[in-house]
Every structure is written in C-alpha cells, then in structure tokens.
Amino acid sequence: MTTLKSKLQEDLNAAIKERDELRSSTLRLTLAAITKEEVAGKEKRELSDDEVLKVITKEAKKRREAAEAFAQGGRAEQAEREKAEGEVLADYLPKQLSDEELNAIVAQAVEEAKAAGAEGPRAMGAVMKIVNPKVAGQAEGGRVAAAVKKLLAG
C-alpha cells in the first residue's frame, strides 16, 4: 500500500475511534474513490502516491463545486458540510500557491514561450505546457488558465 493511502487508512481508523463523523465519512468516501480508481480498467493495480493525490484533488474539487451549488440553491447547512469535507481533504493536499507565486511562474513561462516564438492569445497552449508541470497539484487548472490568459492579454 502506498504511503499516502496507508496514512488515509490510519487517519480513518483514528477518526472512527474518536467518533469524528465528518472526518470518518469524508475519508471513507475518498478511500472508496481510490479503490474505484484502482479497479478501473482491465486489471486491478496499486496507485502511486501521485495518482492517489490526483484522486484526493478530484474529490476536493467535487466538494468545492457541491458547496457552491448548495449555497446557490439556498441550502446553507449542506454547503457548510461540503466545505468542511473539503477542508478535511485539504490536509492531504500540497499547499496551494498564492496568487503572487502563481503569477511569477506564469510570467516566467510567458517569457519562455515568447523566446520560443509563441505570441499573443495563440500562445496559451505553449505557456500551459510550460506551467502545468511546475504547478502540478499546487494550483487548480482554472486558476492557472485565468492567470495565463490575463498575462497574455496584457
């Protein structure tokens, strides 16, 4: 078992012993999503820590989107629950980049792309190819794309 997956399992056991319903249900759902990913495809396989991290990121994004949807639908209690679950998952994700850090990385990538001959809005793909490996897991794709668009337009 990968180290991240075993940490999730240990934390789930601790949460159950402490009768922490929110934490235990969130970790249960996340471990179920990891297991589902492991058995998807033709053969069962063990996920690497990076793959487990991607599943946790996806689960956290689902919680964020659900919280927004519940808030818009006037279901504040349910929105709070989703936010709280997202915060539980955030403990397992790498620290997110601040806007300043993200803009600095994007600015550097724009310079690299310009040096390679890519200019204007059409350079978006080239810049994203440079930026994505640098910010993997530390910034959501939508945030990255918005920062790239802003710098390319300006």
# chains A, B, ... in the order shown; residues from 1 in each chain; ligands from 1
$ residues_around --residues "A:Asp49" --least-positions-apart "2" --cutoff "12 Å" --atoms "only C-alpha atoms" --output "list in words"
Met1, Thr2, Thr3, Leu4, Lys5, Ser6, Lys7, Leu8, Ile34, Glu46, Leu47, Glu51, Val52, Leu53, Lys54, Val55, Ile56, Tyr92 and Leu93 of chain A
$ residues_around --residues "A:Leu22" --least-positions-apart "5" --cutoff "12 Å" --atoms "only C-alpha atoms" --output "PDB file with all heavy atoms, in the first residue's frame"
ATOM      1  N   LEU A  12      -8.405   7.342   9.062  1.00  0.00           N
ATOM      2  CA  LEU A  12      -9.797   6.887   9.109  1.00  0.00           C
ATOM      3  C   LEU A  12     -10.034   6.089  10.392  1.00  0.00           C
ATOM      4  O   LEU A  12     -11.016   6.325  11.101  1.00  0.00           O
ATOM      5  CB  LEU A  12     -10.134   6.023   7.886  1.00  0.00           C
ATOM      6  CG  LEU A  12     -11.500   5.326   7.920  1.00  0.00           C
ATOM      7  CD1 LEU A  12     -12.631   6.348   7.981  1.00  0.00           C
ATOM      8  CD2 LEU A  12     -11.670   4.436   6.706  1.00  0.00           C
ATOM      9  N   ALA A  15     -10.168   8.435  13.284  1.00  0.00           N
ATOM     10  CA  ALA A  15     -11.412   9.216  13.276  1.00  0.00           C
ATOM     11  C   ALA A  15     -12.586   8.381  13.774  1.00  0.00           C
ATOM     12  O   ALA A  15     -13.462   8.886  14.491  1.00  0.00           O
ATOM     13  CB  ALA A  15     -11.687   9.748  11.874  1.00  0.00           C
ATOM     14  N   ILE A  16     -12.593   7.101  13.407  1.00  0.00           N
ATOM     15  CA  ILE A  16     -13.672   6.211  13.862  1.00  0.00           C
ATOM     16  C   ILE A  16     -13.584   6.044  15.378  1.00  0.00           C
ATOM     17  O   ILE A  16     -14.595   6.123  16.080  1.00  0.00           O
ATOM     18  CB  ILE A  16     -13.598   4.840  13.136  1.00  0.00           C
ATOM     19  CG1 ILE A  16     -13.960   5.020  11.661  1.00  0.00           C
ATOM     20  CG2 ILE A  16     -14.529   3.834  13.807  1.00  0.00           C
ATOM     21  CD1 ILE A  16     -13.696   3.802  10.792  1.00  0.00           C
ATOM     22  N   LEU A  27     -13.163  10.533   4.782  1.00  0.00           N
ATOM     23  CA  LEU A  27     -12.048   9.631   4.449  1.00  0.00           C
ATOM     24  C   LEU A  27     -12.550   8.324   3.849  1.00  0.00           C
ATOM     25  O   LEU A  27     -11.917   7.776   2.941  1.00  0.00           O
ATOM     26  CB  LEU A  27     -11.189   9.371   5.692  1.00  0.00           C
ATOM     27  CG  LEU A  27     -10.435  10.604   6.211  1.00  0.00           C
ATOM     28  CD1 LEU A  27      -9.670  10.267   7.487  1.00  0.00           C
ATOM     29  CD2 LEU A  27      -9.491  11.151   5.158  1.00  0.00           C
ATOM     30  N   ARG A  28     -13.699   7.837   4.326  1.00  0.00           N
ATOM     31  CA  ARG A  28     -14.284   6.623   3.744  1.00  0.00           C
ATOM     32  C   ARG A  28     -14.587   6.827   2.265  1.00  0.00           C
ATOM     33  O   ARG A  28     -14.270   5.989   1.434  1.00  0.00           O
ATOM     34  CB  ARG A  28     -15.583   6.273   4.466  1.00  0.00           C
ATOM     35  CG  ARG A  28     -15.454   5.139   5.392  1.00  0.00           C
ATOM     36  CD  ARG A  28     -16.806   4.597   5.819  1.00  0.00           C
ATOM     37  NE  ARG A  28     -16.599   3.922   7.084  1.00  0.00           N
ATOM     38  CZ  ARG A  28     -16.984   4.394   8.256  1.00  0.00           C
ATOM     39  NH1 ARG A  28     -17.633   5.524   8.343  1.00  0.00           N
ATOM     40  NH2 ARG A  28     -16.735   3.725   9.349  1.00  0.00           N
ATOM     41  N   LEU A  29     -15.259   7.948   1.947  1.00  0.00           N
ATOM     42  CA  LEU A  29     -15.603   8.246   0.553  1.00  0.00           C
ATOM     43  C   LEU A  29     -14.349   8.394  -0.312  1.00  0.00           C
ATOM     44  O   LEU A  29     -14.317   7.942  -1.451  1.00  0.00           O
ATOM     45  CB  LEU A  29     -16.442   9.529   0.481  1.00  0.00           C
ATOM     46  CG  LEU A  29     -17.888   9.403   0.957  1.00  0.00           C
ATOM     47  CD1 LEU A  29     -18.523  10.776   1.109  1.00  0.00           C
ATOM     48  CD2 LEU A  29     -18.688   8.552  -0.007  1.00  0.00           C
ATOM     49  N   GLU A  80     -22.231  24.100   4.029  1.00  0.00           N
ATOM     50  CA  GLU A  80     -21.233  24.101   5.108  1.00  0.00           C
ATOM     51  C   GLU A  80     -20.609  22.719   5.273  1.00  0.00           C
ATOM     52  O   GLU A  80     -19.405  22.593   5.481  1.00  0.00           O
ATOM     53  CB  GLU A  80     -21.863  24.550   6.438  1.00  0.00           C
ATOM     54  CG  GLU A  80     -22.106  26.033   6.520  1.00  0.00           C
ATOM     55  CD  GLU A  80     -20.857  26.873   6.266  1.00  0.00           C
ATOM     56  OE1 GLU A  80     -19.803  26.589   6.870  1.00  0.00           O
ATOM     57  OE2 GLU A  80     -20.937  27.799   5.436  1.00  0.00           O
ATOM     58  N   ARG A  81     -21.431  21.691   5.177  1.00  0.00           N
ATOM     59  CA  ARG A  81     -20.944  20.305   5.307  1.00  0.00           C
ATOM     60  C   ARG A  81     -19.931  20.005   4.195  1.00  0.00           C
ATOM     61  O   ARG A  81     -18.872  19.443   4.439  1.00  0.00           O
ATOM     62  CB  ARG A  81     -22.138  19.344   5.242  1.00  0.00           C
ATOM     63  CG  ARG A  81     -21.790  17.903   5.023  1.00  0.00           C
ATOM     64  CD  ARG A  81     -21.616  17.164   6.275  1.00  0.00           C
ATOM     65  NE  ARG A  81     -21.180  15.803   5.999  1.00  0.00           N
ATOM     66  CZ  ARG A  81     -21.004  14.913   6.926  1.00  0.00           C
ATOM     67  NH1 ARG A  81     -21.224  15.222   8.173  1.00  0.00           N
ATOM     68  NH2 ARG A  81     -20.602  13.710   6.622  1.00  0.00           N
ATOM     69  N   GLU A  82     -20.268  20.389   2.959  1.00  0.00           N
ATOM     70  CA  GLU A  82     -19.361  20.150   1.826  1.00  0.00           C
ATOM     71  C   GLU A  82     -18.054  20.910   2.010  1.00  0.00           C
ATOM     72  O   GLU A  82     -16.986  20.390   1.728  1.00  0.00           O
ATOM     73  CB  GLU A  82     -20.032  20.559   0.503  1.00  0.00           C
ATOM     74  CG  GLU A  82     -21.210  19.690   0.103  1.00  0.00           C
ATOM     75  CD  GLU A  82     -20.847  18.270  -0.291  1.00  0.00           C
ATOM     76  OE1 GLU A  82     -19.687  18.006  -0.672  1.00  0.00           O
ATOM     77  OE2 GLU A  82     -21.722  17.401  -0.225  1.00  0.00           O
ATOM     78  N   LYS A  83     -18.146  22.148   2.483  1.00  0.00           N
ATOM     79  CA  LYS A  83     -16.933  22.958   2.736  1.00  0.00           C
ATOM     80  C   LYS A  83     -16.058  22.282   3.783  1.00  0.00           C
ATOM     81  O   LYS A  83     -14.834  22.221   3.644  1.00  0.00           O
ATOM     82  CB  LYS A  83     -17.302  24.361   3.217  1.00  0.00           C
ATOM     83  CG  LYS A  83     -17.540  25.337   2.117  1.00  0.00           C
ATOM     84  CD  LYS A  83     -17.709  26.749   2.684  1.00  0.00           C
ATOM     85  CE  LYS A  83     -18.161  27.677   1.595  1.00  0.00           C
ATOM     86  NZ  LYS A  83     -19.160  28.634   2.004  1.00  0.00           N
ATOM     87  N   ALA A  84     -16.695  21.795   4.852  1.00  0.00           N
ATOM     88  CA  ALA A  84     -15.965  21.132   5.930  1.00  0.00           C
ATOM     89  C   ALA A  84     -15.267  19.871   5.410  1.00  0.00           C
ATOM     90  O   ALA A  84     -14.111  19.598   5.759  1.00  0.00           O
ATOM     91  CB  ALA A  84     -16.905  20.788   7.077  1.00  0.00           C
ATOM     92  N   GLU A  85     -15.952  19.110   4.554  1.00  0.00           N
ATOM     93  CA  GLU A  85     -15.334  17.916   3.961  1.00  0.00           C
ATOM     94  C   GLU A  85     -14.145  18.309   3.093  1.00  0.00           C
ATOM     95  O   GLU A  85     -13.114  17.642   3.091  1.00  0.00           O
ATOM     96  CB  GLU A  85     -16.365  17.135   3.137  1.00  0.00           C
ATOM     97  CG  GLU A  85     -17.388  16.407   3.980  1.00  0.00           C
ATOM     98  CD  GLU A  85     -18.375  15.592   3.159  1.00  0.00           C
ATOM     99  OE1 GLU A  85     -18.208  15.496   1.920  1.00  0.00           O
ATOM    100  OE2 GLU A  85     -19.307  15.040   3.761  1.00  0.00           O
ATOM    101  N   GLY A  86     -14.297  19.401   2.360  1.00  0.00           N
ATOM    102  CA  GLY A  86     -13.193  19.899   1.531  1.00  0.00           C
ATOM    103  C   GLY A  86     -11.986  20.273   2.366  1.00  0.00           C
ATOM    104  O   GLY A  86     -10.840  20.030   1.974  1.00  0.00           O
ATOM    105  N   GLU A  87     -12.231  20.856   3.545  1.00  0.00           N
ATOM    106  CA  GLU A  87     -11.130  21.227   4.436  1.00  0.00           C
ATOM    107  C   GLU A  87     -10.425  19.990   4.987  1.00  0.00           C
ATOM    108  O   GLU A  87      -9.203  20.000   5.172  1.00  0.00           O
ATOM    109  CB  GLU A  87     -11.645  22.114   5.574  1.00  0.00           C
ATOM    110  CG  GLU A  87     -11.999  23.513   5.101  1.00  0.00           C
ATOM    111  CD  GLU A  87     -12.818  24.314   6.098  1.00  0.00           C
ATOM    112  OE1 GLU A  87     -12.891  23.914   7.283  1.00  0.00           O
ATOM    113  OE2 GLU A  87     -13.377  25.341   5.680  1.00  0.00           O
ATOM    114  N   VAL A  88     -11.178  18.931   5.254  1.00  0.00           N
ATOM    115  CA  VAL A  88     -10.566  17.677   5.712  1.00  0.00           C
ATOM    116  C   VAL A  88      -9.616  17.166   4.627  1.00  0.00           C
ATOM    117  O   VAL A  88      -8.475  16.791   4.907  1.00  0.00           O
ATOM    118  CB  VAL A  88     -11.646  16.607   6.035  1.00  0.00           C
ATOM    119  CG1 VAL A  88     -11.017  15.236   6.216  1.00  0.00           C
ATOM    120  CG2 VAL A  88     -12.438  17.005   7.268  1.00  0.00           C
ATOM    121  N   LEU A  89     -10.067  17.190   3.373  1.00  0.00           N
ATOM    122  CA  LEU A  89      -9.236  16.702   2.269  1.00  0.00           C
ATOM    123  C   LEU A  89      -8.041  17.617   2.014  1.00  0.00           C
ATOM    124  O   LEU A  89      -6.985  17.157   1.598  1.00  0.00           O
ATOM    125  CB  LEU A  89     -10.083  16.562   0.995  1.00  0.00           C
ATOM    126  CG  LEU A  89     -11.153  15.477   1.043  1.00  0.00           C
ATOM    127  CD1 LEU A  89     -11.995  15.508  -0.212  1.00  0.00           C
ATOM    128  CD2 LEU A  89     -10.524  14.103   1.227  1.00  0.00           C
TER     129      LEU A  89
END
$ atom_distance --atom1 "atom CA of A:Lys150" --atom2 "atom CA of A:Arg64"
23.7 Å
$ atom_distance --atom1 "atom CA of A:Gly117" --atom2 "atom CA of A:Ala153"
16.3 Å
$ select_by_dssp --residues "stretch 2-139 of chain A" --states "helix (DSSP H, G or I)" --output "ChimeraX atom specification"
/A:3-17,21-39,49-72,76-90,99-115,121-135
$ closest_residue --among "A:Ala136, A:Ala66, A:Leu31, A:Ala109" --to "A:Met124" --atoms "only C-alpha atoms"
A:Ala109
$ atom_distance --atom1 "atom CA of A:Ser98" --atom2 "atom CA of A:Gly137"
12.9 Å
$ closest_residue --among "A:Lys42, A:Arg19, A:Arg143, A:Lys36" --to "A:Gln96" --atoms "only C-alpha atoms"
A:Arg143
$ closest_residue --among "A:Glu37, A:Ile130, A:Asp11, A:Ala79" --to "A:Arg23" --atoms "only C-alpha atoms"
A:Asp11
$ residues_around --residues "A:Ala104" --least-positions-apart "3" --cutoff "12 Å" --atoms "only C-alpha atoms" --output "list in words"
Leu97, Ser98, Asp99, Glu100, Glu101, Ala107, Gln108, Ala109, Val110, Glu111, Val131, Lys134, Val135, Val144, Ala147, Val148 and Leu151 of chain A
$ decode --residues "stretch 75-118 of chain A" --atoms "N, CA and C atoms" --output "PDB file, in the first residue's frame"
ATOM      1  N   ARG A  75     -29.246  26.141   0.276  1.00  0.00           N
ATOM      2  CA  ARG A  75     -29.115  25.079   1.287  1.00  0.00           C
ATOM      3  C   ARG A  75     -27.807  25.270   2.031  1.00  0.00           C
ATOM      4  N   ALA A  76     -27.786  26.276   2.905  1.00  0.00           N
ATOM      5  CA  ALA A  76     -26.568  26.685   3.600  1.00  0.00           C
ATOM      6  C   ALA A  76     -25.976  25.564   4.460  1.00  0.00           C
ATOM      7  N   GLU A  77     -26.835  24.795   5.122  1.00  0.00           N
ATOM      8  CA  GLU A  77     -26.357  23.728   6.006  1.00  0.00           C
ATOM      9  C   GLU A  77     -25.568  22.680   5.206  1.00  0.00           C
ATOM     10  N   GLN A  78     -26.128  22.282   4.071  1.00  0.00           N
ATOM     11  CA  GLN A  78     -25.460  21.295   3.216  1.00  0.00           C
ATOM     12  C   GLN A  78     -24.175  21.882   2.632  1.00  0.00           C
ATOM     13  N   ALA A  79     -24.191  23.167   2.285  1.00  0.00           N
ATOM     14  CA  ALA A  79     -23.000  23.832   1.739  1.00  0.00           C
ATOM     15  C   ALA A  79     -21.881  23.838   2.774  1.00  0.00           C
ATOM     16  N   GLU A  80     -22.231  24.100   4.029  1.00  0.00           N
ATOM     17  CA  GLU A  80     -21.233  24.101   5.108  1.00  0.00           C
ATOM     18  C   GLU A  80     -20.609  22.719   5.273  1.00  0.00           C
ATOM     19  N   ARG A  81     -21.431  21.691   5.177  1.00  0.00           N
ATOM     20  CA  ARG A  81     -20.944  20.305   5.307  1.00  0.00           C
ATOM     21  C   ARG A  81     -19.931  20.005   4.195  1.00  0.00           C
ATOM     22  N   GLU A  82     -20.268  20.389   2.959  1.00  0.00           N
ATOM     23  CA  GLU A  82     -19.361  20.150   1.826  1.00  0.00           C
ATOM     24  C   GLU A  82     -18.054  20.910   2.010  1.00  0.00           C
ATOM     25  N   LYS A  83     -18.146  22.148   2.483  1.00  0.00           N
ATOM     26  CA  LYS A  83     -16.933  22.958   2.736  1.00  0.00           C
ATOM     27  C   LYS A  83     -16.058  22.282   3.783  1.00  0.00           C
ATOM     28  N   ALA A  84     -16.695  21.795   4.852  1.00  0.00           N
ATOM     29  CA  ALA A  84     -15.965  21.132   5.930  1.00  0.00           C
ATOM     30  C   ALA A  84     -15.267  19.871   5.410  1.00  0.00           C
ATOM     31  N   GLU A  85     -15.952  19.110   4.554  1.00  0.00           N
ATOM     32  CA  GLU A  85     -15.334  17.916   3.961  1.00  0.00           C
ATOM     33  C   GLU A  85     -14.145  18.309   3.093  1.00  0.00           C
ATOM     34  N   GLY A  86     -14.297  19.401   2.360  1.00  0.00           N
ATOM     35  CA  GLY A  86     -13.193  19.899   1.531  1.00  0.00           C
ATOM     36  C   GLY A  86     -11.986  20.273   2.366  1.00  0.00           C
ATOM     37  N   GLU A  87     -12.231  20.856   3.545  1.00  0.00           N
ATOM     38  CA  GLU A  87     -11.130  21.227   4.436  1.00  0.00           C
ATOM     39  C   GLU A  87     -10.425  19.990   4.987  1.00  0.00           C
ATOM     40  N   VAL A  88     -11.178  18.931   5.254  1.00  0.00           N
ATOM     41  CA  VAL A  88     -10.566  17.677   5.712  1.00  0.00           C
ATOM     42  C   VAL A  88      -9.616  17.166   4.627  1.00  0.00           C
ATOM     43  N   LEU A  89     -10.067  17.190   3.373  1.00  0.00           N
ATOM     44  CA  LEU A  89      -9.236  16.702   2.269  1.00  0.00           C
ATOM     45  C   LEU A  89      -8.041  17.617   2.014  1.00  0.00           C
ATOM     46  N   ALA A  90      -8.201  18.909   2.272  1.00  0.00           N
ATOM     47  CA  ALA A  90      -7.116  19.867   2.042  1.00  0.00           C
ATOM     48  C   ALA A  90      -5.885  19.531   2.884  1.00  0.00           C
ATOM     49  N   ASP A  91      -6.100  18.857   4.027  1.00  0.00           N
ATOM     50  CA  ASP A  91      -4.966  18.464   4.874  1.00  0.00           C
ATOM     51  C   ASP A  91      -4.020  17.502   4.158  1.00  0.00           C
ATOM     52  N   TYR A  92      -4.520  16.786   3.164  1.00  0.00           N
ATOM     53  CA  TYR A  92      -3.717  15.780   2.468  1.00  0.00           C
ATOM     54  C   TYR A  92      -3.125  16.304   1.161  1.00  0.00           C
ATOM     55  N   LEU A  93      -3.516  17.512   0.776  1.00  0.00           N
ATOM     56  CA  LEU A  93      -3.038  18.083  -0.486  1.00  0.00           C
ATOM     57  C   LEU A  93      -1.851  18.997  -0.224  1.00  0.00           C
ATOM     58  N   PRO A  94      -0.972  19.151  -1.236  1.00  0.00           N
ATOM     59  CA  PRO A  94       0.133  20.090  -1.053  1.00  0.00           C
ATOM     60  C   PRO A  94      -0.413  21.509  -0.902  1.00  0.00           C
ATOM     61  N   LYS A  95       0.364  22.354  -0.232  1.00  0.00           N
ATOM     62  CA  LYS A  95      -0.057  23.740  -0.027  1.00  0.00           C
ATOM     63  C   LYS A  95      -0.268  24.406  -1.384  1.00  0.00           C
ATOM     64  N   GLN A  96      -1.380  25.127  -1.510  1.00  0.00           N
ATOM     65  CA  GLN A  96      -1.687  25.814  -2.765  1.00  0.00           C
ATOM     66  C   GLN A  96      -0.808  27.051  -2.914  1.00  0.00           C
ATOM     67  N   LEU A  97      -0.455  27.354  -4.152  1.00  0.00           N
ATOM     68  CA  LEU A  97       0.349  28.536  -4.428  1.00  0.00           C
ATOM     69  C   LEU A  97      -0.481  29.797  -4.216  1.00  0.00           C
ATOM     70  N   SER A  98       0.163  30.836  -3.730  1.00  0.00           N
ATOM     71  CA  SER A  98      -0.542  32.123  -3.608  1.00  0.00           C
ATOM     72  C   SER A  98      -0.649  32.719  -5.006  1.00  0.00           C
ATOM     73  N   ASP A  99      -1.497  33.735  -5.157  1.00  0.00           N
ATOM     74  CA  ASP A  99      -1.653  34.382  -6.461  1.00  0.00           C
ATOM     75  C   ASP A  99      -0.331  34.968  -6.950  1.00  0.00           C
ATOM     76  N   GLU A 100       0.452  35.546  -6.019  1.00  0.00           N
ATOM     77  CA  GLU A 100       1.732  36.150  -6.405  1.00  0.00           C
ATOM     78  C   GLU A 100       2.695  35.077  -6.939  1.00  0.00           C
ATOM     79  N   GLU A 101       2.779  33.946  -6.219  1.00  0.00           N
ATOM     80  CA  GLU A 101       3.672  32.863  -6.652  1.00  0.00           C
ATOM     81  C   GLU A 101       3.239  32.330  -8.017  1.00  0.00           C
ATOM     82  N   LEU A 102       1.927  32.132  -8.185  1.00  0.00           N
ATOM     83  CA  LEU A 102       1.401  31.617  -9.445  1.00  0.00           C
ATOM     84  C   LEU A 102       1.705  32.593 -10.586  1.00  0.00           C
ATOM     85  N   ASN A 103       1.457  33.885 -10.364  1.00  0.00           N
ATOM     86  CA  ASN A 103       1.723  34.893 -11.403  1.00  0.00           C
ATOM     87  C   ASN A 103       3.194  34.943 -11.780  1.00  0.00           C
ATOM     88  N   ALA A 104       4.087  34.753 -10.804  1.00  0.00           N
ATOM     89  CA  ALA A 104       5.526  34.762 -11.089  1.00  0.00           C
ATOM     90  C   ALA A 104       5.897  33.580 -11.991  1.00  0.00           C
ATOM     91  N   ILE A 105       5.359  32.406 -11.695  1.00  0.00           N
ATOM     92  CA  ILE A 105       5.637  31.215 -12.513  1.00  0.00           C
ATOM     93  C   ILE A 105       5.087  31.404 -13.917  1.00  0.00           C
ATOM     94  N   VAL A 106       3.851  31.928 -14.011  1.00  0.00           N
ATOM     95  CA  VAL A 106       3.221  32.146 -15.310  1.00  0.00           C
ATOM     96  C   VAL A 106       4.004  33.184 -16.123  1.00  0.00           C
ATOM     97  N   ALA A 107       4.445  34.265 -15.470  1.00  0.00           N
ATOM     98  CA  ALA A 107       5.208  35.310 -16.168  1.00  0.00           C
ATOM     99  C   ALA A 107       6.494  34.736 -16.759  1.00  0.00           C
ATOM    100  N   GLN A 108       7.160  33.899 -15.994  1.00  0.00           N
ATOM    101  CA  GLN A 108       8.390  33.258 -16.471  1.00  0.00           C
ATOM    102  C   GLN A 108       8.081  32.357 -17.670  1.00  0.00           C
ATOM    103  N   ALA A 109       6.989  31.608 -17.596  1.00  0.00           N
ATOM    104  CA  ALA A 109       6.603  30.711 -18.689  1.00  0.00           C
ATOM    105  C   ALA A 109       6.241  31.501 -19.940  1.00  0.00           C
ATOM    106  N   VAL A 110       5.590  32.659 -19.776  1.00  0.00           N
ATOM    107  CA  VAL A 110       5.238  33.505 -20.920  1.00  0.00           C
ATOM    108  C   VAL A 110       6.518  33.975 -21.613  1.00  0.00           C
ATOM    109  N   GLU A 111       7.526  34.353 -20.813  1.00  0.00           N
ATOM    110  CA  GLU A 111       8.812  34.783 -21.390  1.00  0.00           C
ATOM    111  C   GLU A 111       9.449  33.633 -22.175  1.00  0.00           C
ATOM    112  N   GLU A 112       9.417  32.427 -21.581  1.00  0.00           N
ATOM    113  CA  GLU A 112       9.985  31.251 -22.262  1.00  0.00           C
ATOM    114  C   GLU A 112       9.261  30.997 -23.583  1.00  0.00           C
ATOM    115  N   ALA A 113       7.933  31.092 -23.561  1.00  0.00           N
ATOM    116  CA  ALA A 113       7.140  30.843 -24.770  1.00  0.00           C
ATOM    117  C   ALA A 113       7.441  31.904 -25.830  1.00  0.00           C
ATOM    118  N   LYS A 114       7.582  33.163 -25.412  1.00  0.00           N
ATOM    119  CA  LYS A 114       7.895  34.237 -26.360  1.00  0.00           C
ATOM    120  C   LYS A 114       9.271  34.012 -26.981  1.00  0.00           C
ATOM    121  N   ALA A 115      10.202  33.552 -26.155  1.00  0.00           N
ATOM    122  CA  ALA A 115      11.549  33.259 -26.660  1.00  0.00           C
ATOM    123  C   ALA A 115      11.497  32.137 -27.691  1.00  0.00           C
ATOM    124  N   ALA A 116      10.533  31.233 -27.519  1.00  0.00           N
ATOM    125  CA  ALA A 116      10.380  30.115 -28.454  1.00  0.00           C
ATOM    126  C   ALA A 116       9.548  30.522 -29.677  1.00  0.00           C
ATOM    127  N   GLY A 117       9.054  31.762 -29.690  1.00  0.00           N
ATOM    128  CA  GLY A 117       8.326  32.257 -30.861  1.00  0.00           C
ATOM    129  C   GLY A 117       6.817  32.280 -30.729  1.00  0.00           C
ATOM    130  N   ALA A 118       6.275  31.872 -29.599  1.00  0.00           N
ATOM    131  CA  ALA A 118       4.819  31.888 -29.417  1.00  0.00           C
ATOM    132  C   ALA A 118       4.407  33.251 -28.874  1.00  0.00           C
TER     133      ALA A 118
END
